[in-house]
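Engineer: I am sharing start-v3.cif, which consists of mmCIF, C-alpha atoms and all ligand atoms:
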data_protein
loop_
_atom_site.label_atom_id
_atom_site.label_comp_id
_atom_site.auth_asym_id
_atom_site.auth_seq_id
_atom_site.Cartn_x
_atom_site.Cartn_y
_atom_site.Cartn_z
CA MET K 10 -25.25 -5.69 12.06
CA ALA K 11 -24.30 -8.85 13.82
CA ALA K 12 -21.46 -10.87 15.18
CA ILE K 13 -20.78 -14.28 13.64
CA GLU K 14 -20.27 -17.24 15.94
CA LEU K 15 -19.13 -20.56 14.49
CA THR K 16 -18.98 -23.52 16.86
CA GLY K 17 -17.53 -26.93 15.99
CA LEU K 18 -18.43 -26.28 12.38
CA SER K 19 -17.74 -28.96 9.76
CA THR K 20 -18.70 -29.01 6.09
CA VAL K 21 -18.31 -32.27 4.21
CA TYR K 22 -18.84 -32.62 0.45
CA PRO K 23 -20.66 -35.69 -0.93
CA ASN K 24 -17.30 -37.05 -2.14
CA GLY K 25 -16.17 -37.18 1.49
CA VAL K 26 -13.87 -34.12 1.41
CA ARG K 27 -14.02 -32.47 4.83
CA ALA K 28 -13.46 -28.90 3.61
CA VAL K 29 -14.21 -27.28 6.99
CA ASP K 30 -13.13 -29.30 9.98
CA GLU K 31 -14.53 -28.71 13.50
CA LEU K 32 -13.91 -25.00 13.31
CA ASP K 33 -14.57 -22.51 16.12
CA LEU K 34 -14.52 -18.80 15.30
CA SER K 35 -16.01 -15.58 16.71
CA ILE K 36 -16.16 -12.60 14.37
CA HIS K 37 -17.07 -9.34 16.07
CA ASP K 38 -19.92 -7.05 15.19
CA GLY K 39 -18.68 -4.50 12.63
CA GLU K 40 -15.38 -6.23 12.10
CA PHE K 41 -13.52 -6.43 8.76
CA PHE K 42 -12.32 -10.02 8.91
CA ALA K 43 -10.07 -11.90 6.46
CA LEU K 44 -9.99 -15.64 5.81
CA LEU K 45 -6.54 -16.27 4.39
CA GLY K 46 -4.91 -19.45 3.17
CA PRO K 47 -3.59 -21.43 0.23
CA SER K 48 -5.80 -22.78 -2.53
CA GLY K 49 -8.02 -25.62 -1.33
CA CYS K 50 -7.77 -24.87 2.41
CA GLY K 51 -11.54 -24.39 2.72
CA LYS K 52 -11.98 -20.59 2.68
CA THR K 53 -14.75 -20.48 0.10
CA THR K 54 -16.54 -23.45 1.64
CA LEU K 55 -16.51 -21.75 5.03
CA LEU K 56 -17.96 -18.57 3.52
CA ARG K 57 -20.63 -20.55 1.67
CA THR K 58 -21.53 -22.39 4.85
CA VAL K 59 -22.02 -19.08 6.70
CA ALA K 60 -24.17 -17.87 3.78
CA GLY K 61 -26.24 -21.08 3.84
CA LEU K 62 -25.17 -22.15 0.34
CA GLU K 63 -23.61 -25.28 1.87
CA GLN K 64 -25.12 -27.24 4.73
CA ALA K 65 -23.08 -27.78 7.88
CA ALA K 66 -22.42 -31.48 8.54
CA SER K 67 -22.08 -30.65 12.25
CA GLY K 68 -21.70 -27.63 14.51
CA THR K 69 -23.56 -24.33 14.43
CA VAL K 70 -23.62 -20.95 12.69
CA ALA K 71 -25.04 -18.05 14.71
CA LEU K 72 -25.56 -14.49 13.52
CA GLY K 73 -26.04 -12.17 16.45
CA GLU K 74 -28.49 -13.96 18.74
CA ARG K 75 -29.91 -16.18 15.99
CA ASP K 76 -28.86 -19.76 15.33
CA VAL K 77 -29.13 -19.93 11.53
CA THR K 78 -27.56 -23.36 11.02
CA ARG K 79 -30.78 -24.71 9.49
CA THR K 80 -32.06 -21.41 8.08
CA GLU K 81 -32.21 -21.22 4.30
CA ALA K 82 -29.75 -18.86 2.58
CA GLY K 83 -32.28 -16.19 1.59
CA LYS K 84 -33.50 -15.78 5.15
CA ARG K 85 -30.15 -15.44 6.93
CA GLY K 86 -29.67 -11.70 6.42
CA VAL K 87 -26.36 -12.35 4.72
CA ALA K 88 -25.20 -10.90 1.40
CA MET K 89 -22.46 -12.61 -0.57
CA VAL K 90 -20.42 -11.17 -3.40
CA PHE K 91 -18.88 -13.86 -5.58
CA GLN K 92 -15.44 -13.86 -7.15
CA ASP K 93 -16.86 -13.46 -10.67
CA TYR K 94 -19.50 -11.00 -9.36
CA ALA K 95 -22.34 -13.16 -10.81
CA LEU K 96 -24.15 -10.19 -12.39
CA PHE K 97 -27.08 -10.87 -14.73
CA PRO K 98 -25.74 -9.95 -18.19
CA HIS K 99 -29.17 -9.19 -19.71
CA MET K 100 -30.17 -6.76 -16.94
CA THR K 101 -29.11 -3.14 -16.59
CA VAL K 102 -26.99 -1.99 -13.66
CA ALA K 103 -30.12 -0.58 -12.00
CA GLN K 104 -31.99 -3.88 -12.44
CA ASN K 105 -29.03 -5.86 -11.15
CA ILE K 106 -28.79 -3.72 -8.02
CA ALA K 107 -32.54 -3.82 -7.39
CA TYR K 108 -32.80 -7.56 -8.01
CA PRO K 109 -32.93 -8.58 -4.32
CA LEU K 110 -35.87 -6.21 -3.84
CA ARG K 111 -37.62 -7.52 -6.93
CA VAL K 112 -37.35 -11.05 -5.55
CA ARG K 113 -38.98 -9.77 -2.37
CA ARG K 114 -41.70 -8.18 -4.53
CA ALA K 115 -40.89 -4.62 -3.43
CA SER K 116 -42.63 -1.84 -5.40
CA LYS K 117 -41.07 -0.49 -8.62
CA GLN K 118 -40.49 2.81 -6.82
CA ALA K 119 -38.68 1.08 -3.92
CA GLN K 120 -36.51 -0.76 -6.45
CA ARG K 121 -35.61 2.48 -8.23
CA ASP K 122 -34.87 4.22 -4.92
CA ALA K 123 -32.60 1.38 -3.79
CA ALA K 124 -30.67 1.41 -7.07
CA GLU K 125 -30.22 5.16 -6.88
CA SER K 126 -29.24 5.40 -3.22
CA THR K 127 -26.79 2.48 -3.16
CA SER K 128 -25.20 3.38 -6.49
CA ALA K 129 -24.53 7.02 -5.59
CA GLY K 130 -21.99 6.28 -2.89
CA LEU K 131 -20.30 3.67 -5.09
CA GLY K 132 -19.60 5.96 -8.05
CA LEU K 133 -22.13 4.23 -10.31
CA ALA K 134 -24.69 7.02 -10.69
CA GLY K 135 -24.02 7.62 -14.38
CA LEU K 136 -24.01 3.93 -15.27
CA LEU K 137 -27.44 2.73 -14.15
CA GLU K 138 -28.74 2.04 -17.66
CA ARG K 139 -25.66 0.14 -18.87
CA ARG K 140 -25.35 -3.64 -18.94
CA PRO K 141 -22.51 -5.46 -17.13
CA GLY K 142 -20.74 -6.19 -20.44
CA GLN K 143 -20.32 -2.43 -20.93
CA LEU K 144 -18.49 -1.96 -17.60
CA SER K 145 -14.87 -2.30 -16.49
CA GLY K 146 -13.94 -4.99 -13.96
CA GLY K 147 -13.81 -2.43 -11.16
CA GLN K 148 -17.25 -1.07 -12.06
CA GLN K 149 -18.71 -4.59 -12.17
CA GLN K 150 -17.30 -5.19 -8.72
CA ARG K 151 -19.04 -2.05 -7.47
CA VAL K 152 -22.34 -3.18 -8.97
CA ALA K 153 -22.00 -6.51 -7.17
CA LEU K 154 -21.30 -4.63 -3.93
CA ALA K 155 -24.26 -2.31 -4.52
CA ARG K 156 -26.52 -5.31 -5.09
CA ALA K 157 -25.27 -6.89 -1.87
CA MET K 158 -26.00 -3.66 -0.02
CA ALA K 159 -29.46 -3.31 -1.48
CA MET K 160 -30.29 -6.46 0.45
CA SER K 161 -29.83 -4.51 3.70
CA ALA K 162 -28.00 -7.53 5.05
CA GLU K 163 -26.42 -7.61 8.48
CA VAL K 164 -23.38 -9.47 7.24
CA LEU K 165 -21.40 -9.04 4.03
CA LEU K 166 -19.39 -11.97 2.67
CA LEU K 167 -16.83 -11.31 -0.07
CA ASP K 168 -15.16 -14.15 -1.96
CA GLU K 169 -11.83 -12.92 -3.39
CA PRO K 170 -13.42 -9.56 -4.18
CA LEU K 171 -10.33 -8.08 -5.81
CA SER K 172 -8.92 -11.04 -7.70
CA ASN K 173 -10.43 -10.15 -11.08
CA LEU K 174 -8.95 -6.67 -11.16
CA ASP K 175 -5.58 -5.73 -12.62
CA ALA K 176 -2.81 -4.68 -10.25
CA ARG K 177 -3.47 -0.96 -10.43
CA LEU K 178 -7.24 -1.16 -10.09
CA ARG K 179 -6.77 -3.63 -7.27
CA LEU K 180 -4.99 -1.07 -5.13
CA GLU K 181 -7.67 1.50 -5.86
CA ALA K 182 -10.49 -0.96 -5.14
CA ARG K 183 -8.74 -2.05 -1.94
CA THR K 184 -8.73 1.49 -0.56
CA PHE K 185 -12.30 1.95 -1.68
CA LEU K 186 -13.47 -1.25 0.00
CA LYS K 187 -11.73 -0.37 3.24
CA ARG K 188 -13.34 3.07 3.34
CA LEU K 189 -16.76 1.69 2.45
CA GLN K 190 -16.58 -0.95 5.17
CA ARG K 191 -15.47 1.60 7.75
CA ASP K 192 -18.25 4.03 6.80
CA LEU K 193 -20.96 1.35 6.92
CA GLY K 194 -19.54 -0.56 9.88
CA LEU K 195 -20.94 -3.71 8.31
CA THR K 196 -19.66 -7.02 9.67
CA THR K 197 -17.63 -8.16 6.68
CA VAL K 198 -15.76 -11.40 6.01
CA PHE K 199 -13.57 -11.56 2.96
CA VAL K 200 -11.72 -14.50 1.51
CA THR K 201 -8.29 -14.06 -0.01
CA HIS K 202 -5.20 -16.07 -0.78
CA ASP K 203 -3.23 -12.82 -0.99
CA GLN K 204 -1.48 -12.22 2.30
CA ALA K 205 -0.64 -8.60 1.45
CA GLU K 206 -4.32 -7.88 0.87
CA ALA K 207 -5.32 -9.47 4.18
CA LEU K 208 -2.62 -7.56 6.08
CA ALA K 209 -3.62 -4.27 4.48
CA LEU K 210 -7.39 -4.55 4.90
CA ALA K 211 -8.37 -6.70 7.81
CA ASP K 212 -8.95 -5.88 11.47
CA ARG K 213 -8.19 -9.53 12.16
CA ILE K 214 -7.09 -12.49 10.06
CA ALA K 215 -7.68 -16.23 10.34
CA VAL K 216 -4.96 -18.16 8.55
CA MET K 217 -6.42 -21.48 7.41
CA ALA K 218 -4.96 -24.81 6.34
CA GLU K 219 -6.83 -28.04 5.69
CA GLY K 220 -10.19 -26.80 6.93
CA ARG K 221 -8.85 -25.51 10.23
CA ILE K 222 -7.57 -22.24 11.63
CA ARG K 223 -3.83 -22.22 12.17
CA GLN K 224 -3.68 -18.71 13.62
CA LEU K 225 -6.16 -16.01 14.50
CA GLY K 226 -4.98 -12.48 15.17
CA THR K 227 -4.41 -8.92 14.04
CA PRO K 228 -2.22 -8.31 10.99
CA LYS K 229 0.57 -7.31 13.42
CA ASP K 230 0.20 -10.61 15.33
CA VAL K 231 0.33 -12.89 12.33
CA PHE K 232 3.11 -10.96 10.63
CA GLY K 233 5.22 -10.35 13.74
CA ARG K 234 4.72 -13.63 15.60
CA PRO K 235 3.47 -16.38 13.29
CA ALA K 236 2.22 -19.24 15.47
CA ASP K 237 3.91 -21.96 13.45
CA THR K 238 6.24 -22.42 10.49
CA PHE K 239 3.31 -22.84 8.07
CA VAL K 240 1.99 -19.36 8.92
CA ALA K 241 5.55 -17.98 8.98
CA ASN K 242 6.10 -19.26 5.47
CA PHE K 243 2.75 -18.05 4.18
CA ILE K 244 2.78 -14.46 5.49
CA GLY K 245 5.19 -11.89 4.09
CA SER K 246 5.92 -10.73 0.55
CA THR K 247 9.27 -12.54 0.71
CA PRO K 248 8.90 -15.73 2.75
CA MET K 249 10.55 -15.85 6.16
CA ASN K 250 13.99 -17.44 6.33
CA LEU K 251 13.53 -20.68 8.28
CA LEU K 252 16.84 -22.19 9.33
CA THR K 253 17.21 -25.65 10.82
CA GLY K 254 19.36 -25.80 13.93
CA ALA K 255 19.72 -26.84 17.54
CA VAL K 256 20.07 -25.34 21.01
CA HIS K 257 23.57 -25.80 22.42
CA ASP K 258 25.06 -24.27 25.60
CA GLY K 259 22.34 -21.64 25.64
CA PHE K 260 22.93 -20.59 22.02
CA LEU K 261 21.13 -21.28 18.77
CA GLU K 262 23.43 -23.07 16.36
CA VAL K 263 22.27 -22.40 12.80
CA ALA K 264 23.93 -21.95 9.43
CA GLY K 265 27.39 -22.27 10.93
CA ALA K 266 26.74 -19.51 13.46
CA ARG K 267 25.92 -19.18 17.18
CA LEU K 268 23.07 -16.74 17.77
CA PRO K 269 21.79 -15.60 21.16
CA PRO K 270 18.22 -16.84 21.75
CA PRO K 271 15.38 -14.36 22.37
CA PRO K 272 14.93 -13.30 26.01
CA GLY K 273 12.54 -15.44 28.04
CA PRO K 274 12.55 -18.95 29.47
CA ALA K 275 15.64 -20.95 28.54
CA LEU K 276 15.30 -23.39 25.64
CA ALA K 277 16.10 -27.04 26.41
CA ASP K 278 19.68 -27.94 25.60
CA GLY K 279 19.91 -30.18 22.53
CA ALA K 280 16.42 -29.20 21.31
CA LYS K 281 16.03 -29.28 17.55
CA VAL K 282 14.65 -25.96 16.37
CA VAL K 283 13.83 -23.89 13.33
CA VAL K 284 15.02 -20.30 13.58
CA GLY K 285 12.85 -17.78 11.76
CA ILE K 286 14.17 -14.44 10.53
CA ARG K 287 12.12 -12.21 8.27
CA PRO K 288 14.17 -10.87 5.36
CA GLU K 289 13.10 -7.34 6.33
CA TYR K 290 14.76 -7.81 9.74
CA LEU K 291 18.10 -9.10 8.44
CA GLN K 292 20.89 -6.57 8.55
CA PRO K 293 24.65 -6.49 7.99
CA ALA K 294 26.47 -7.02 11.31
CA ALA K 295 29.91 -7.55 12.80
CA GLU K 296 28.85 -10.91 14.29
CA GLY K 297 26.21 -13.34 13.08
CA ILE K 298 25.69 -15.59 10.09
CA THR K 299 28.39 -15.41 7.45
CA GLY K 300 27.77 -16.39 3.85
CA THR K 301 28.79 -15.76 0.28
CA VAL K 302 26.79 -13.37 -1.86
CA SER K 303 25.26 -15.48 -4.65
CA ILE K 304 22.55 -13.25 -6.19
CA VAL K 305 22.05 -9.47 -6.22
CA GLU K 306 18.75 -8.16 -7.60
CA THR K 307 18.40 -4.45 -8.20
CA LEU K 308 14.99 -3.06 -7.21
CA GLY K 309 15.81 0.60 -7.86
CA VAL K 310 16.40 2.38 -4.57
CA THR K 311 17.39 -0.87 -2.86
CA SER K 312 18.85 -4.22 -3.85
CA LEU K 313 17.99 -7.73 -2.67
CA VAL K 314 20.87 -9.98 -1.73
CA THR K 315 20.89 -13.77 -1.47
CA LEU K 316 23.56 -15.36 0.74
CA GLU K 317 24.78 -18.96 0.58
CA CYS K 318 25.52 -19.96 4.17
CA PRO K 319 26.67 -23.34 5.53
CA GLY K 320 23.70 -25.66 4.85
CA GLU K 321 21.24 -22.79 4.27
CA VAL K 322 20.34 -20.05 1.83
CA LEU K 323 19.36 -16.68 3.30
CA VAL K 324 17.07 -14.65 1.07
CA GLY K 325 15.82 -11.11 0.95
CA LEU K 326 18.55 -9.09 2.66
CA THR K 327 17.83 -5.51 1.57
CA VAL K 328 20.71 -3.05 1.13
CA PRO K 329 20.78 0.47 -0.32
CA GLU K 330 21.48 0.24 -4.05
CA HIS K 331 24.78 2.14 -3.68
CA GLU K 332 26.01 -0.36 -1.05
CA GLU K 333 25.35 -3.39 -3.23
CA PRO K 334 27.95 -6.13 -2.53
CA ALA K 335 29.67 -7.97 -5.39
CA VAL K 336 28.65 -11.56 -6.11
CA GLY K 337 31.18 -13.93 -4.55
CA THR K 338 32.14 -11.69 -1.61
CA ALA K 339 31.61 -12.73 2.02
CA MET K 340 29.03 -10.99 4.17
CA THR K 341 27.91 -11.30 7.79
CA VAL K 342 24.32 -10.60 8.80
CA ALA K 343 22.22 -10.80 11.96
CA PRO K 344 18.55 -10.32 12.85
CA ALA K 345 17.51 -6.91 14.16
CA PRO K 346 17.19 -6.93 17.99
CA GLY K 347 14.09 -8.81 19.15
CA ARG K 348 13.24 -10.06 15.67
CA LEU K 349 14.39 -13.64 15.86
CA LEU K 350 11.76 -16.37 16.28
CA VAL K 351 12.33 -19.94 17.41
CA TYR K 352 10.08 -22.83 16.37
CA ASP K 353 10.01 -26.42 17.56
CA ALA K 354 11.43 -28.48 14.67
CA GLU K 355 9.03 -31.35 15.44
CA THR K 356 5.69 -29.70 16.27
CA THR K 357 6.50 -26.58 14.12
CA GLY K 358 4.94 -24.42 16.89
CA LEU K 359 6.44 -21.15 18.15
CA LEU K 360 8.72 -21.66 21.17
CA ALA K 361 10.13 -18.16 21.67
P1 LIG U 1 -9.40 -21.52 -3.54
O1 LIG U 1 -8.55 -20.43 -2.95
O2 LIG U 1 -8.67 -22.32 -4.57
O3 LIG U 1 -10.75 -21.06 -3.97
P2 LIG U 1 -10.44 -22.49 -1.01
O4 LIG U 1 -9.51 -22.32 0.13
O5 LIG U 1 -11.54 -21.52 -1.16
O6 LIG U 1 -9.63 -22.60 -2.37
P3 LIG U 1 -12.47 -24.52 -1.13
O7 LIG U 1 -12.93 -24.11 -2.48
O8 LIG U 1 -13.33 -24.20 0.02
O9 LIG U 1 -11.01 -23.96 -0.85
O10 LIG U 1 -12.18 -26.09 -1.18
C1 LIG U 1 -11.84 -26.82 0.00
C2 LIG U 1 -11.73 -28.31 -0.37
O11 LIG U 1 -13.00 -28.80 -0.74
C3 LIG U 1 -10.80 -28.59 -1.53
O12 LIG U 1 -10.13 -29.80 -1.26
C4 LIG U 1 -11.72 -28.74 -2.69
O13 LIG U 1 -11.18 -29.59 -3.67
C5 LIG U 1 -12.96 -29.33 -2.07
N1 LIG U 1 -14.21 -28.93 -2.74
C6 LIG U 1 -14.62 -27.67 -3.01
N2 LIG U 1 -15.84 -27.66 -3.61
C7 LIG U 1 -16.21 -28.97 -3.71
C8 LIG U 1 -17.38 -29.64 -4.24
N3 LIG U 1 -18.39 -28.95 -4.75
N4 LIG U 1 -17.40 -30.98 -4.18
C9 LIG U 1 -16.37 -31.68 -3.66
N5 LIG U 1 -15.26 -31.11 -3.14
C10 LIG U 1 -15.17 -29.77 -3.17
#
As C-alpha cells, how would this structure be written, given the file I've shared?
Structural biologist:
Amino acid sequence: MAAIELTGLSTVYPNGVRAVDELDLSIHDGEFFALLGPSGCGKTTLLRTVAGLEQAASGTVALGERDVTRTEAGKRGVAMVFQDYALFPHMTVAQNIAYPLRVRRASKQAQRDAAESTSAGLGLAGLLERRPGQLSGGQQQRVALARAMAMSAEVLLLDEPLSNLDARLRLEARTFLKRLQRDLGLTTVFVTHDQAEALALADRIAVMAEGRIRQLGTPKDVFGRPADTFVANFIGSTPMNLLTGAVHDGFLEVAGARLPPPPGPALADGAKVVVGIRPEYLQPAAEGITGTVSIVETLGVTSLVTLECPGEVLVGLTVPEHEEPAVGTAMTVAPAPGRLLVYDAETTGLLA
C-alpha cells in the first residue's frame, strides 16, 4: 500500500488541451478517495496519468517513496479498472483474472491459485469457466476488480466503476465496493461524476473543474461548507439555492427579505453577495423569505415545494405530505439555524 503524492502535475494532450493543470494532491495510504466533477473536467486524465497511461507534461507522481513520473505503466504497482471493464471476451473468467500473472509468466498453478483466491471473496467462485458475455454487468465488474487485485498492486484506480450498472445493482455494488476497500485497506482512487456516490463512499473528495481542484475535503466538508458557488451548485441531490443579494446595515438583503448573517466577522456594508441555502435546510418560519407556492411535487411521505420570491425562485422545500400547501398561496421560509452560507458575488468564494 502506498500514499499518492501529486506535485504541480499537468497533462496536456497533443491538441493542446490542458486536461490536468498544475495540480497538487496528497492521497493518504489506505484512503478511499473520490475525484468528482462534471464531464470534461479532467478526472479520467488525472487517473490515467497516475496509472502511467498518459505522460505528465510537468510535475511529478510519487507512490509511497517512489517517484514514478517516468516509470512505465506496468511497473508502477498500480491497477486500473476501466469504465467498460475491458475484459477479454474470448477468455474465461479465470483466464481474465489470471491475465496479469500470465503476462508476468507466472506458473499455470500460480495463475489458477490467483483466480481461485481473488474470485472467492468477490462471489465469483461458481463462474470461473464462463466468458464475460455470459455474465451480468455486476458480475463483469467483479471480474474486473478481481483481475486488478490479482496484480497485487499497491494502488487501485477505478474509473466510474458503477456507471454501467442499473440503479438497483449500483446500490448493491456500492456497498460491496466500500466493504471490499475497507477490508483490504487498499489505497483507492475512484472517478465519478455522481456526487451522491462520492458522498456515500469516499473518505475524502476532490471536486474538480477545468483540470484543477476546487475543493478538497471530507464528504461533510464539501456538502456542509462548499468552498465556492461552483461546488455548492454541484454537490447535493437538489442543487443549493443561490440567491443574489447585498449586505445592508448588517443584514443580508435577498429575495425581498432581510436575513441575519451567520455569526463571525462582520461583512462589509454594501458588499454584493450570493446567499446559499440548501433545500434540505429550508423550513417554514414566522419571519424570513416570503413567496408564492408555484409547484408542489408529491414524493410519497413528503412533498417538494417551489416558491416564487421577489427576483428569485426557491426550490426543494420539503414538507410532510399532509401539510402540503396549495399552489398560489403565500408561504414564509427561513434557513435552519447555522445553515446559511454567504459567498462573494465576484470571486464566488465562501465568505461566511
Ligand atoms: P468524463 O466524466 O466525461 O469522462 P473527465 O472529467 O473524465 O470527463 P477527461 O476525459 O479527463 O474528463 O477530459 C478532460 C479534457 O481533455 C476534456 O476537455 C477532453 O475533451 C480532453 N481530452 C480527453 N481525452 C483526450 C484525448 N485523447 N485527446 C485530446 N483531448 C482529450
Engineer: Please identify the residues whose atoms come within 12 Å of ligand LIG 1 (chain U), using only C-alpha atoms and all ligand atoms, and report them as a PyMOL selection string.
Structural biologist: chain K and resi 19-30+44-58+62-64+91-93+167-170+172+199-203+216-222
Engineer: Restricting it to C-alpha atoms, dump the selection as a CSV table (one decimal), keeping the file's coordinate frame.
Structural biologist:
chain,number,residue,atom,x,y,z
K,19,SER,CA,-17.7,-29.0,9.8
K,20,THR,CA,-18.7,-29.0,6.1
K,21,VAL,CA,-18.3,-32.3,4.2
K,22,TYR,CA,-18.8,-32.6,0.4
K,23,PRO,CA,-20.7,-35.7,-0.9
K,24,ASN,CA,-17.3,-37.0,-2.1
K,25,GLY,CA,-16.2,-37.2,1.5
K,26,VAL,CA,-13.9,-34.1,1.4
K,27,ARG,CA,-14.0,-32.5,4.8
K,28,ALA,CA,-13.5,-28.9,3.6
K,29,VAL,CA,-14.2,-27.3,7.0
K,30,ASP,CA,-13.1,-29.3,10.0
K,44,LEU,CA,-10.0,-15.6,5.8
K,45,LEU,CA,-6.5,-16.3,4.4
K,46,GLY,CA,-4.9,-19.4,3.2
K,47,PRO,CA,-3.6,-21.4,0.2
K,48,SER,CA,-5.8,-22.8,-2.5
K,49,GLY,CA,-8.0,-25.6,-1.3
K,50,CYS,CA,-7.8,-24.9,2.4
K,51,GLY,CA,-11.5,-24.4,2.7
K,52,LYS,CA,-12.0,-20.6,2.7
K,53,THR,CA,-14.8,-20.5,0.1
K,54,THR,CA,-16.5,-23.4,1.6
K,55,LEU,CA,-16.5,-21.8,5.0
K,56,LEU,CA,-18.0,-18.6,3.5
K,57,ARG,CA,-20.6,-20.6,1.7
K,58,THR,CA,-21.5,-22.4,4.8
K,62,LEU,CA,-25.2,-22.2,0.3
K,63,GLU,CA,-23.6,-25.3,1.9
K,64,GLN,CA,-25.1,-27.2,4.7
K,91,PHE,CA,-18.9,-13.9,-5.6
K,92,GLN,CA,-15.4,-13.9,-7.2
K,93,ASP,CA,-16.9,-13.5,-10.7
K,167,LEU,CA,-16.8,-11.3,-0.1
K,168,ASP,CA,-15.2,-14.2,-2.0
K,169,GLU,CA,-11.8,-12.9,-3.4
K,170,PRO,CA,-13.4,-9.6,-4.2
K,172,SER,CA,-8.9,-11.0,-7.7
K,199,PHE,CA,-13.6,-11.6,3.0
K,200,VAL,CA,-11.7,-14.5,1.5
K,201,THR,CA,-8.3,-14.1,0.0
K,202,HIS,CA,-5.2,-16.1,-0.8
K,203,ASP,CA,-3.2,-12.8,-1.0
K,216,VAL,CA,-5.0,-18.2,8.6
K,217,MET,CA,-6.4,-21.5,7.4
K,218,ALA,CA,-5.0,-24.8,6.3
K,219,GLU,CA,-6.8,-28.0,5.7
K,220,GLY,CA,-10.2,-26.8,6.9
K,221,ARG,CA,-8.8,-25.5,10.2
K,222,ILE,CA,-7.6,-22.2,11.6
Engineer: Using only C-alpha atoms, which of K:Ala71, K:Ala266, K:Leu166, K:Leu189 sits nearest Thr127 (chain K)?
Structural biologist: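 Residue with the minimum atom-to-atom distance to Thr127 (chain K): K:Leu189.
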Engineer: Compile the contact shell of Ala43 (chain K) as number ranges by chain: residues with an atom at most 7 Å away, counting only C-alpha atoms, same-chain residues fewer than 5 positions apart removed.
Structural biologist: K: 198-200, 207, 211, 213-215
Engineer: Tell me which of K:Met89, K:Ala153, K:Ala159, K:Arg139 sits closest to Ala123 (chain K), counting only C-alpha atoms.
Structural biologist: K:Ala159
Engineer: With a distance cut-off of 10 Å and all atoms listed in the file, select the neighbouring residues of Pro272 (chain K), excluding the residue or stretch itself and same-chain residues fewer than 2 positions from it, and output the selection as a JSON list (two decimals) with C-alpha atoms, in the frame of the given file.
Structural biologist:
[["chain", "number", "residue", "atom", "x", "y", "z"],
["K", 269, "PRO", "CA", 21.79, -15.60, 21.16],
["K", 270, "PRO", "CA", 18.22, -16.84, 21.75],
["K", 274, "PRO", "CA", 12.55, -18.95, 29.47],
["K", 275, "ALA", "CA", 15.64, -20.95, 28.54],
["K", 347, "GLY", "CA", 14.09, -8.81, 19.15],
["K", 361, "ALA", "CA", 10.13, -18.16, 21.67]]
Engineer: Point out the residue among K:Ala12, K:Val240, K:Val328, K:Val102 with the least atom-to-atom distance to Leu308 (chain K), counting all atoms listed in the file.
Structural biologist: K:Val328
Engineer: What is the distance, in Å and to one decimal place, between CA of Val284 (chain K) and CA of Val302 (chain K)?
Structural biologist: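 Pair CA of Val284 (chain K) / CA of Val302 (chain K) returns 20.6 Å.
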Engineer: Applying 12 Å and only C-alpha atoms, which residues near Asp258 (chain K) remain after dropping the ones on its own chain fewer than 5 positions away? List them as number ranges by chain.
Structural biologist: K: 267-270, 275-280
Engineer: Write out as a list of chain:residue names each polymer residue whose atoms come within 8 Å of Gly17 (chain K), counting all atoms listed in the file; drop sequence neighbours fewer than 2 positions from it.
Structural biologist: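 These residues fall inside the cut-off: K:Leu15, K:Ser19, K:Asp30, K:Glu31, K:Leu32, K:Asp33, K:Ser67, K:Gly68, K:Thr69.
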Engineer: Excluding same-chain residues fewer than 2 positions from Arg234 (chain K), what lies within 12 Å of it counting all atoms listed in the file, as JSON, numbers by chain?
Structural biologist: {"K": [224, 225, 226, 227, 228, 229, 230, 231, 232, 236, 237, 238, 239, 240, 241, 242, 244, 245, 249, 285, 286, 287, 347, 348, 349, 350, 351, 352, 358, 359, 360, 361]}
Engineer: Can you work out the spacing between CA of Gln120 (chain K) and CA of Leu171 (chain K) in Å, to one decimal?
Structural biologist: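 These atoms are spaced 27.2 Å apart.
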Engineer: Can you work out which one of K:Ala157, K:Tyr94, K:Glu81, K:Pro248 has the shortest atom-to-atom distance to Thr197 (chain K), counting all atoms listed in the file?
Structural biologist: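 Among the listed residues, the smallest separation from Thr197 (chain K) belongs to K:Ala157.
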Engineer: What is the distance between CA of Asn250 (chain K) and CA of Gly325 (chain K), in Å to one decimal?
Structural biologist: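 It comes out at 8.5 Å.
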Engineer: In terms of the shortest atom-to-atom distance over only C-alpha atoms, which of K:Glu296, K:Glu125, K:Glu289, K:Asp192 is closest to Gly233 (chain K)?
Structural biologist: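 Distance minimum relative to Gly233 (chain K) lands on K:Glu289.
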Engineer: Could you check which of K:Val282, K:Leu261, K:Ala124, K:Leu110 is closest to Asp353 (chain K), using all atoms listed in the file?
Structural biologist: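 When distances to Asp353 (chain K) are compared using all atoms listed in the file, the smallest one comes from K:Val282.
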